[in-house]
>>> print(open('input_13.cif').read())   # mmCIF, C-alpha atoms and all ligand atoms
data_query
#
loop_
_atom_site.label_atom_id
_atom_site.label_comp_id
_atom_site.auth_asym_id
_atom_site.auth_seq_id
_atom_site.Cartn_x
_atom_site.Cartn_y
_atom_site.Cartn_z
CA MET N 1 106.18 89.20 49.94
CA GLY N 2 106.83 89.74 53.63
CA THR N 3 104.20 88.86 56.19
CA PHE N 4 103.05 91.77 58.37
CA VAL N 5 102.98 90.86 62.07
CA THR N 6 100.77 93.01 64.30
CA GLY N 7 99.04 93.04 67.67
CA SER N 8 96.25 95.21 66.29
CA PRO N 9 92.96 93.46 65.41
CA GLU N 10 91.93 96.56 63.42
CA ALA N 11 95.07 96.46 61.27
CA ALA N 12 94.73 92.69 60.74
CA ALA N 13 91.05 93.03 59.77
CA GLY N 14 92.04 95.64 57.16
CA TYR N 15 93.89 92.90 55.26
CA ILE N 16 90.75 90.70 55.25
CA ARG N 17 88.62 93.60 53.98
CA ARG N 18 91.13 94.17 51.16
CA GLY N 19 90.92 90.49 50.10
CA GLY N 20 94.02 89.24 51.92
CA ILE N 21 94.64 86.21 54.15
CA VAL N 22 95.38 86.64 57.86
CA ALA N 23 96.39 84.25 60.66
CA PHE N 24 94.62 85.00 63.95
CA PRO N 25 94.48 83.42 67.42
CA THR N 26 91.40 81.71 68.85
CA GLU N 27 90.89 79.72 72.06
CA THR N 28 91.57 76.45 70.14
CA VAL N 29 94.48 76.99 67.70
CA TYR N 30 95.56 79.79 65.32
CA GLY N 31 93.41 79.98 62.17
CA LEU N 32 94.25 81.26 58.68
CA GLY N 33 91.32 83.40 57.56
CA ALA N 34 89.77 85.00 54.48
CA ASP N 35 86.46 86.70 53.67
CA VAL N 36 84.10 83.74 53.01
CA PHE N 37 82.50 85.56 50.06
CA ASN N 38 85.81 86.36 48.30
CA GLU N 39 86.64 83.27 46.21
CA ARG N 40 90.12 84.48 45.28
CA ALA N 41 91.04 85.04 48.92
CA VAL N 42 89.64 81.63 49.91
CA ALA N 43 91.68 79.99 47.12
CA ALA N 44 94.78 81.73 48.51
CA ILE N 45 94.30 79.92 51.85
CA PHE N 46 94.46 76.52 50.12
CA GLU N 47 97.56 77.60 48.22
CA ALA N 48 99.41 79.08 51.22
CA LYS N 49 98.81 75.98 53.34
CA LYS N 50 99.21 73.50 50.45
CA ARG N 51 95.85 72.18 51.64
CA PRO N 52 94.08 69.50 49.60
CA ALA N 53 91.07 71.06 47.83
CA ASP N 54 88.70 68.48 49.30
CA ASN N 55 89.27 69.62 52.89
CA PRO N 56 86.55 72.15 53.93
CA LEU N 57 87.08 75.33 55.98
CA ILE N 58 85.17 76.54 59.05
CA ALA N 59 83.36 79.90 58.92
CA HIS N 60 84.07 82.09 61.99
CA ILE N 61 81.49 84.66 63.03
CA ALA N 62 81.36 87.60 65.44
CA ASP N 63 77.62 87.52 66.04
CA ILE N 64 74.81 84.99 65.76
CA GLY N 65 73.03 87.05 63.08
CA GLN N 66 75.76 86.11 60.59
CA MET N 67 74.57 82.47 60.67
CA SER N 68 71.69 83.33 58.34
CA ASP N 69 74.17 84.65 55.72
CA LEU N 70 75.91 81.26 55.73
CA ALA N 71 73.23 78.61 56.29
CA THR N 72 69.85 77.99 54.62
CA GLU N 73 68.33 77.00 57.95
CA VAL N 74 69.47 76.97 61.56
CA THR N 75 67.89 73.69 62.69
CA ALA N 76 66.27 73.25 66.12
CA ASN N 77 69.20 71.19 67.45
CA ALA N 78 71.67 73.74 66.09
CA ARG N 79 69.80 76.47 67.95
CA LEU N 80 70.06 74.53 71.21
CA PHE N 81 73.82 74.11 70.75
CA VAL N 82 74.22 77.79 69.85
CA GLU N 83 72.46 78.81 73.06
CA ALA N 84 74.53 76.44 75.16
CA PHE N 85 78.01 76.80 73.64
CA PHE N 86 78.38 79.95 71.49
CA PRO N 87 80.74 81.69 71.75
CA GLY N 88 83.11 78.75 72.28
CA PRO N 89 85.08 75.85 70.81
CA LEU N 90 82.14 74.23 68.95
CA THR N 91 81.63 74.09 65.15
CA ILE N 92 78.09 73.44 63.92
CA VAL N 93 77.59 71.99 60.42
CA LEU N 94 74.47 73.17 58.53
CA HIS N 95 73.28 73.30 54.91
CA LYS N 96 75.12 76.17 53.23
CA SER N 97 73.40 79.12 51.60
CA GLU N 98 73.80 79.84 47.86
CA ARG N 99 76.04 82.80 48.63
CA VAL N 100 78.80 80.66 50.15
CA PRO N 101 81.24 79.67 47.37
CA LEU N 102 81.84 75.93 46.98
CA ILE N 103 85.59 76.41 47.25
CA ALA N 104 85.12 77.32 50.95
CA THR N 105 83.29 74.07 51.71
CA ALA N 106 85.44 71.89 49.43
CA GLY N 107 82.43 71.22 47.22
CA LEU N 108 80.10 70.18 50.07
CA ASP N 109 76.59 71.59 50.34
CA THR N 110 77.18 72.07 54.06
CA ILE N 111 79.22 74.58 56.05
CA GLY N 112 80.82 74.43 59.50
CA ILE N 113 80.12 77.56 61.60
CA ARG N 114 81.82 78.63 64.81
CA MET N 115 81.86 81.74 67.01
CA PRO N 116 85.17 81.91 68.91
CA GLY N 117 85.03 83.06 72.52
CA PHE N 118 88.57 84.45 72.71
CA GLU N 119 88.39 88.23 73.13
CA LEU N 120 91.06 89.11 70.52
CA SER N 121 89.38 86.88 67.89
CA ARG N 122 86.04 88.50 68.62
CA ARG N 123 87.45 92.00 68.15
CA PHE N 124 89.19 90.93 64.92
CA LEU N 125 86.08 89.21 63.49
CA LYS N 126 83.87 92.17 64.35
CA GLU N 127 86.25 94.51 62.50
CA CYS N 128 86.28 92.18 59.46
CA GLY N 129 82.56 92.84 59.01
CA THR N 130 82.11 89.48 57.24
CA PRO N 131 82.28 85.81 58.27
CA VAL N 132 85.88 84.61 57.98
CA VAL N 133 86.60 81.07 56.77
CA ALA N 134 89.67 79.59 58.37
CA PRO N 135 91.38 76.23 58.75
CA SER N 136 94.30 75.89 61.16
CA ALA N 137 97.20 78.22 60.22
CA ASN N 138 99.84 75.55 59.57
CA LEU N 139 101.29 73.93 56.45
CA SER N 140 99.01 71.01 55.66
CA GLY N 141 100.02 67.86 57.53
CA ARG N 142 102.08 69.67 60.20
CA PRO N 143 101.03 69.98 63.87
CA SER N 144 98.45 72.78 64.30
CA PRO N 145 99.89 76.12 65.50
CA THR N 146 99.22 77.18 69.07
CA THR N 147 101.57 80.21 69.04
CA TRP N 148 102.05 83.04 66.53
CA GLN N 149 105.68 81.96 66.19
CA ALA N 150 104.56 78.52 64.98
CA VAL N 151 102.42 80.25 62.33
CA PHE N 152 105.45 82.37 61.33
CA GLU N 153 107.63 79.26 61.12
CA ASP N 154 105.25 77.62 58.59
CA LEU N 155 103.78 80.56 56.68
CA ASP N 156 106.07 83.63 56.77
CA GLY N 157 106.10 85.10 53.26
CA ARG N 158 103.11 82.96 52.21
CA ILE N 159 100.35 84.99 53.93
CA ASP N 160 99.57 88.71 54.27
CA CYS N 161 99.40 89.17 58.03
CA ILE N 162 99.65 87.49 61.43
CA LEU N 163 97.58 88.85 64.32
CA GLN N 164 99.84 88.30 67.32
CA GLY N 165 98.30 86.91 70.48
CA ASP N 166 99.33 84.66 73.35
CA ALA N 167 99.65 80.90 73.15
CA THR N 168 96.18 79.39 72.72
CA GLU N 169 94.25 78.30 75.79
CA ILE N 170 92.93 74.90 74.70
CA GLY N 171 95.46 73.83 72.09
CA LEU N 172 93.21 71.37 70.20
CA GLU N 173 90.79 72.21 67.36
CA SER N 174 87.05 72.69 67.94
CA THR N 175 84.50 69.92 68.39
CA VAL N 176 82.56 69.55 65.10
CA VAL N 177 78.88 68.50 65.23
CA ASP N 178 76.72 67.95 62.16
CA CYS N 179 73.23 69.34 62.78
CA THR N 180 71.79 68.86 59.29
CA GLY N 181 69.83 65.69 60.22
CA GLU N 182 67.35 64.65 62.92
CA VAL N 183 70.15 63.41 65.17
CA PRO N 184 73.31 65.48 65.77
CA VAL N 185 76.50 63.64 64.77
CA VAL N 186 79.90 64.48 66.26
CA LEU N 187 82.41 64.46 63.37
CA ARG N 188 85.49 65.59 65.33
CA SER N 189 86.14 65.48 69.08
CA GLY N 190 87.31 68.59 70.90
CA SER N 191 87.21 70.23 74.31
CA ILE N 192 83.39 70.34 74.29
CA THR N 193 82.75 66.69 75.06
CA ILE N 194 80.10 64.29 73.83
CA ALA N 195 78.69 64.20 77.38
CA GLU N 196 78.28 67.99 77.35
CA LEU N 197 76.56 67.88 73.95
CA ARG N 198 74.23 65.10 75.16
CA ARG N 199 73.22 67.18 78.16
CA VAL N 200 71.77 69.62 75.59
CA VAL N 201 70.57 67.17 72.90
CA PRO N 202 70.48 63.63 74.40
CA SER N 203 70.19 61.86 71.02
CA THR N 204 73.65 63.13 69.89
CA ILE N 205 75.85 60.36 68.47
CA VAL N 206 79.51 60.08 67.49
CA ALA N 207 80.37 59.34 63.85
CA ASP N 208 81.65 55.83 63.43
CA GLY N 209 85.45 55.94 63.08
CA SER N 210 85.32 53.51 60.15
CA ASP N 211 83.40 56.21 58.32
CA THR N 212 86.24 58.74 58.22
CA ASP N 213 86.71 58.63 54.48
CA ALA N 214 83.03 59.05 53.76
CA PRO N 215 82.32 62.63 52.67
CA ARG N 216 80.89 63.61 56.08
CA SER N 217 84.10 65.09 57.43
CA PRO N 218 86.55 64.81 54.56
CA GLY N 219 89.37 66.58 56.40
CA MET N 220 89.70 63.77 58.89
CA LYS N 221 91.08 61.36 56.32
CA HIS N 222 94.12 63.46 55.48
CA ARG N 223 97.56 63.12 57.01
CA HIS N 224 97.55 65.28 60.11
CA TYR N 225 99.59 66.68 62.97
CA SER N 226 102.74 64.82 61.96
CA PRO N 227 106.24 65.80 63.06
CA SER N 228 109.19 64.44 61.05
CA ALA N 229 109.90 61.95 63.85
CA SER N 230 108.01 58.71 64.15
CA VAL N 231 105.44 58.79 66.95
CA GLU N 232 104.70 55.83 69.20
CA ILE N 233 101.97 55.62 71.83
CA VAL N 234 102.79 53.89 75.15
CA SER N 235 100.38 53.29 78.04
CA ASN N 236 103.12 53.33 80.68
CA ALA N 237 105.89 55.93 80.80
CA ALA N 238 108.26 53.10 81.79
CA ASP N 239 107.77 51.50 78.34
CA ALA N 240 109.44 54.46 76.55
CA ILE N 241 113.03 53.61 75.54
CA PRO N 242 115.42 56.52 76.24
CA GLY N 243 117.88 57.92 73.67
CA ASP N 244 119.64 61.13 72.62
CA ARG N 245 117.34 61.58 69.60
CA THR N 246 114.25 60.50 71.48
CA ALA N 247 111.51 62.55 73.17
CA PHE N 248 108.73 61.82 75.64
CA ILE N 249 105.46 63.56 76.54
CA GLY N 250 102.95 62.30 79.08
CA LEU N 251 101.60 62.46 82.60
CA ASP N 252 104.26 60.30 84.29
CA ARG N 253 108.05 60.48 84.33
CA PRO N 254 109.81 57.94 82.07
CA ASN N 255 113.02 56.11 83.07
CA GLY N 256 116.39 57.27 81.69
CA ASN N 257 117.50 60.23 79.60
CA PHE N 258 115.50 61.73 76.74
CA ALA N 259 116.52 64.69 74.55
CA VAL N 260 113.17 66.40 75.14
CA VAL N 261 110.76 65.56 77.98
CA LEU N 262 107.45 67.17 78.91
CA ILE N 263 105.67 65.86 81.99
CA CYS N 264 102.21 67.42 82.13
CA ALA N 265 100.33 68.02 85.39
CA ASP N 266 97.01 66.97 83.84
CA VAL N 267 95.22 66.25 80.56
CA ASP N 268 94.43 69.95 80.00
CA GLU N 269 98.12 70.83 80.10
CA TYR N 270 98.94 67.85 77.84
CA ALA N 271 96.33 68.98 75.26
CA ARG N 272 97.54 72.60 75.42
CA GLY N 273 101.16 71.54 74.89
CA ILE N 274 101.06 68.59 72.47
CA PHE N 275 101.31 70.43 69.13
CA GLU N 276 104.06 72.81 70.25
CA PHE N 277 105.93 69.83 71.75
CA LEU N 278 105.81 68.00 68.40
CA ARG N 279 107.09 71.13 66.65
CA GLU N 280 109.91 71.50 69.18
CA CYS N 281 110.89 67.88 68.48
CA ASP N 282 111.29 68.79 64.79
CA ARG N 283 113.41 71.84 65.64
CA ARG N 284 115.72 69.60 67.69
CA GLY N 285 116.00 66.86 65.06
CA ILE N 286 114.26 64.23 67.19
CA GLU N 287 113.76 60.88 65.43
CA LYS N 288 111.41 59.15 67.83
CA VAL N 289 108.61 60.59 70.01
CA TYR N 290 106.84 58.62 72.71
CA CYS N 291 103.39 59.88 73.68
CA GLN N 292 101.83 58.38 76.79
CA SER N 293 98.16 57.53 76.35
CA VAL N 294 95.48 58.96 78.68
CA ALA N 295 91.97 57.74 79.52
CA ASP N 296 89.53 57.99 76.61
CA GLU N 297 87.15 60.38 78.40
CA GLY N 298 86.46 64.12 78.44
CA LEU N 299 89.27 66.11 76.80
CA GLY N 300 91.31 62.87 76.76
CA THR N 301 89.19 61.62 73.83
CA ALA N 302 90.14 64.63 71.67
CA LEU N 303 93.79 64.48 72.77
CA MET N 304 94.11 60.77 71.95
CA ASP N 305 92.41 61.34 68.58
CA ARG N 306 95.15 63.86 67.65
CA VAL N 307 97.97 61.70 69.06
CA ARG N 308 96.73 58.65 67.12
CA ARG N 309 96.63 60.71 63.93
CA ALA N 310 100.16 61.99 64.58
CA ALA N 311 101.27 58.37 65.06
CA MET N 312 99.74 57.37 61.70
CA GLY N 313 101.92 60.06 60.03
P1 LIG P 401 90.99 72.55 60.38
O1 LIG P 401 90.49 73.80 61.03
O2 LIG P 401 92.27 72.74 59.65
O3 LIG P 401 91.02 71.43 61.34
O4 LIG P 401 89.93 72.16 59.25
C1 LIG P 401 88.55 72.22 59.46
C2 LIG P 401 87.97 70.85 59.66
O5 LIG P 401 86.61 70.99 60.05
C3 LIG P 401 87.91 70.00 58.39
O6 LIG P 401 89.09 69.28 58.16
C4 LIG P 401 86.73 69.07 58.67
O7 LIG P 401 87.14 67.95 59.43
C5 LIG P 401 85.81 69.95 59.52
N1 LIG P 401 84.75 70.55 58.69
C6 LIG P 401 84.71 71.82 58.21
N2 LIG P 401 83.61 72.03 57.45
C7 LIG P 401 82.93 70.88 57.44
C8 LIG P 401 81.71 70.44 56.80
N3 LIG P 401 80.98 71.24 56.06
N4 LIG P 401 81.33 69.15 57.01
C9 LIG P 401 82.07 68.34 57.79
N5 LIG P 401 83.22 68.67 58.39
C10 LIG P 401 83.66 69.92 58.23
MG MG P 402 94.09 71.80 60.26
#
>>> encode(input="input_13.cif", output="structure tokens", more="lines below")
Ligand code: AMP
Ligand code: MG
Amino acid sequence: MGTFVTGSPEAAAGYIRRGGIVAFPTETVYGLGADVFNERAVAAIFEAKKRPADNPLIAHIADIGQMSDLATEVTANARLFVEAFFPGPLTIVLHKSERVPLIATAGLDTIGIRMPGFELSRRFLKECGTPVVAPSANLSGRPSPTTWQAVFEDLDGRIDCILQGDATEIGLESTVVDCTGEVPVVLRSGSITIAELRRVVPSTIVADGSDTDAPRSPGMKHRHYSPSASVEIVSNAADAIPGDRTAFIGLDRPNGNFAVVLICADVDEYARGIFEFLRECDRRGIEKVYCQSVADEGLGTALMDRVRRAAMG
């Protein structure tokens, strides 16, 4: 089966309506979507990505009204976050409604809901006429895709359609906040920071890192974002050891010659470029990647979370 590549959100949405699976761009990364209420289509996502069955998907919506099809209750804190951050790179976890099949939530009684802000995603989701569950559109374990070509590289022939857009703006996955309890709990960092969430709900806390294999955010325990090369984190660019099968990414220039080097102007550019950089390292047969660490604040927290996971690979 060949994968149909199109720039038309209407054409791409047609595949979803017919029970197919479609990769589409958002402001964070490219997602691989299916109609949330079509169990066969949702199962096809897990198969195409080789995704472990215990890793839940995020439901993407085009308008706020769709939240009541997915969740039993939109809690008071969830409503505050919706007002402040939807549409945008924030996923809100709520108790799921009966209608949502358990395969979509990996057996959990909760569901993550997000409304992307990116114009092309909004047009696509509107045309789909149903919430679309989607994880990142990569083979499980690989760096998340930030370009349609990266999706093609991993999933050509395994999925029905790719909606072509530009490279994604943010480059890291959404912030995930659990709003099922009294106190909101951040399960995954992203470009919406803990400080921004606290400005809206001051009691918001961050899930304890030691808790990552508890069922709260099961996906976080899996191998993630890993290139074939081994990844090492250095605080100073000067600590990276050059070599012809070695690569470097960071904010400062390292000493000596590396096969691939990306010096980023700021943390935003680093976050936008990290996954594509790791993929490029694989294409070039790099054996060792040095990633320079950045301050653990703002977007830097989310970036370092992904880099640390890549280094665990
Ligand atoms: P991906 O888009 O590939 O990063 O996958 C979605 C991620 O969102 C999962 O791996 C989880 O970390 C998180 N997530 C999705 N749904 C839930 C949920 N119901 N409860 C907790 N975390 C979730
Ligand atoms: Mg993913």
>>> residues_around(input="input_13.cif", residues="N:Ser8", least_positions_apart="2", cutoff="12 Å", atoms="all atoms listed in the file", output="PyMOL selection string")
chain N and resi 4-6+10-15+24-25+120-121+123-124+127+161-165
>>> residues_near_point(input="input_13.cif", point="(94.3, 64.4, 49.5)", cutoff="7 Å", atoms="all atoms listed in the file", output="number ranges by chain")
N: 52, 54, 222
>>> closest_residue(input="input_13.cif", among="N:Arg272, N:Arg199, N:His60, N:Arg284", to="ligand LIG 401 (chain P)", atoms="all atoms listed in the file")
N:His60
>>> atom_distance(input="input_13.cif", atom1="atom CA of N:Gly65", atom2="atom CA of N:Ala34")
18.9 Å
>>> closest_residue(input="input_13.cif", among="N:Phe152, N:Phe37, N:Phe81, N:Tyr290", to="N:Pro184", atoms="only C-alpha atoms")
N:Phe81
>>> atom_distance(input="input_13.cif", atom1="atom CA of N:Gly117", atom2="atom CA of N:Ser174")
11.5 Å
>>> residues_near_ligand(input="input_13.cif", ligand="ligand LIG 401 (chain P)", cutoff="9 Å", atoms="only C-alpha atoms and all ligand atoms", output="PyMOL selection string")
chain N and resi 29-32+51+54-59+91-96+104-113+134-138+140+144+173-178+187-188+215-222
>>> residues_around(input="input_13.cif", residues="N:Leu251", least_positions_apart="2", cutoff="9 Å", atoms="only C-alpha atoms", output="list in words")
Ala237, Ile249, Arg253, Leu262, Ile263, Cys264, Ala265, Asp266, Val267, Tyr270, Gln292, Ser293 and Val294 of chain N
>>> closest_residue(input="input_13.cif", among="N:Glu153, N:Asp208, N:Glu119, N:Asp63", to="N:Glu280", atoms="all atoms listed in the file")
N:Glu153
>>> residues_around(input="input_13.cif", residues="N:Pro131", least_positions_apart="2", cutoff="9 Å", atoms="only C-alpha atoms", output="list in words")
Ala34, Asp35, Val36, Phe37, Ala59, His60, Ile61, Ala62, Gln66, Met67, Asp69, Leu70, Leu125, Lys126, Cys128, Gly129 and Val133 of chain N
>>> closest_residue(input="input_13.cif", among="N:Glu169, N:Asp305, N:Asp282, N:Glu182", to="N:Ser230", atoms="all atoms listed in the file")
N:Asp282
>>> atom_distance(input="input_13.cif", atom1="atom CA of N:Ile170", atom2="atom CA of N:Glu27")
5.9 Å
>>> axis_aligned_box(input="input_13.cif", around="stretch 193-207 of chain N", padding_each_side="8 Å", output="AutoDock Vina command-line options")
--center_x 76.5 --center_y 64.5 --center_z 71.0 --size_x 28.6 --size_y 26.3 --size_z 30.3
>>> residues_near_point(input="input_13.cif", point="(98.3, 64.8, 60.4)", cutoff="6 Å", atoms="all atoms listed in the file", output="JSON, numbers by chain")
{"N": [141, 223, 224, 225, 226, 309, 310, 313]}
